[in-house]
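**Student:** Please see the structure below; I have some questions.
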Amino acid sequence: MGLHARFQAAIEKVFFKGKSSRNSVYLTYVIGNVILMLLLFYLLLNTFAYDWTGQLYPVGSGFRLQTGLDTAIPFVPQMVIFYLYLFYPFVILTMLYFAFVDYRKGYALGWSLVAINGIAILIYIVFPV
């Protein structure tokens, strides 16, 4: 019995008196998506682990690629507006859509976010940036 099947059986036992229904399937996927996207991805990896890796090395000791392209790109602090007002809302809306609307595909998004951030954390431990 796979992880999802055991999780669904537990949800059905707790909330639906052991009976499988369309609502129990939906609730199982939604709870699984929230666990993957909110707890594992956002809280554990993106908040705690990322902050922890930032404390491993002194500030400014990371790798710098001093290539011609890097020095040609100007640093414009006002460009942060694209991260704050375009990137984050787009990411949040995507996660909400796949967690609650297209919930069956939400597992794929959730696991990919966890895998990508897990690999990134391992790289940040070895190569401070």
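Chains: A, B, ... in order of the structure tokens. Residues: from 1 per chain. Ligands: from 1, in order shown.
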Could you build a table of the residues in region 20-97 of chain A lying no more than 10 Å from region 2-10 of chain A, giving for each the nearest pair of atoms and their separation in Å rounded to one decimal place, using only C-alpha atoms, ordered by chain and ascending residue number, as JSON lines?
**Tutor:**
```
{"residue": "A:Ser20", "atom": "CA", "partner": "A:Ala9", "partner_atom": "CA", "distance": 8.2}
{"residue": "A:Ser24", "atom": "CA", "partner": "A:Gln8", "partner_atom": "CA", "distance": 7.4}
{"residue": "A:Val25", "atom": "CA", "partner": "A:Gln8", "partner_atom": "CA", "distance": 6.9}
{"residue": "A:Tyr26", "atom": "CA", "partner": "A:Gln8", "partner_atom": "CA", "distance": 9.6}
{"residue": "A:Leu27", "atom": "CA", "partner": "A:Gln8", "partner_atom": "CA", "distance": 8.6}
{"residue": "A:Thr28", "atom": "CA", "partner": "A:Gln8", "partner_atom": "CA", "distance": 5.5}
{"residue": "A:Tyr29", "atom": "CA", "partner": "A:Gln8", "partner_atom": "CA", "distance": 8.3}
{"residue": "A:Ile31", "atom": "CA", "partner": "A:Phe7", "partner_atom": "CA", "distance": 9.6}
{"residue": "A:Gly32", "atom": "CA", "partner": "A:Phe7", "partner_atom": "CA", "distance": 8.4}
```
**Student:** Write out, as a tab-separated table, each residue of region 11-56 of chain A that has an atom at most 7 Å from region 103-125 of chain A, together with the closest pair of atoms and their distance in Å to one decimal, counting only C-alpha atoms, rows going by chain and rising number.
**Tutor:**
```
residue	atom	partner	partner_atom	distance
A:Tyr29	CA	A:Tyr103	CA	6.0
A:Val30	CA	A:Tyr103	CA	6.4
A:Asn33	CA	A:Gly106	CA	5.9
A:Leu36	CA	A:Gly110	CA	5.1
A:Met37	CA	A:Gly110	CA	5.2
A:Leu40	CA	A:Val114	CA	6.7
A:Phe41	CA	A:Val114	CA	5.1
A:Leu45	CA	A:Asn117	CA	6.4
A:Ala49	CA	A:Ile121	CA	7.0
A:Tyr50	CA	A:Ile121	CA	6.6
A:Thr53	CA	A:Ile125	CA	5.9
```
**Student:** Between CA of Thr94 (chain A) and CA of Thr47 (chain A), what distance in Å does the model show, to one decimal?
**Tutor:**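 So the answer is 19.0 Å.
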**Student:** To one decimal in Å, tell me the separation between CA of Leu96 (chain A) and CA of Leu84 (chain A).
**Tutor:** 17.6 Å
**Student:** Would you please give, as a ChimeraX atom specification, all residues of chain A that DSSP assigns to alpha helix (DSSP H) based on the backbone?
**Tutor:** /A:3-15,22-34,50-54,68-72,80-82,88-96,103-126
**Student:** Have a look at A:Tyr97, A:Phe127, A:Phe16, A:Phe82 and name the one nearest to Gly54 (chain A); count only C-alpha atoms.
**Tutor:** A:Phe127
**Student:** What is the distance, in Å and to one decimal place, between CA of Tyr57 (chain A) and CA of Val126 (chain A)?
**Tutor:**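 Between CA of Tyr57 (chain A) and CA of Val126 (chain A) the gap is 10.2 Å.
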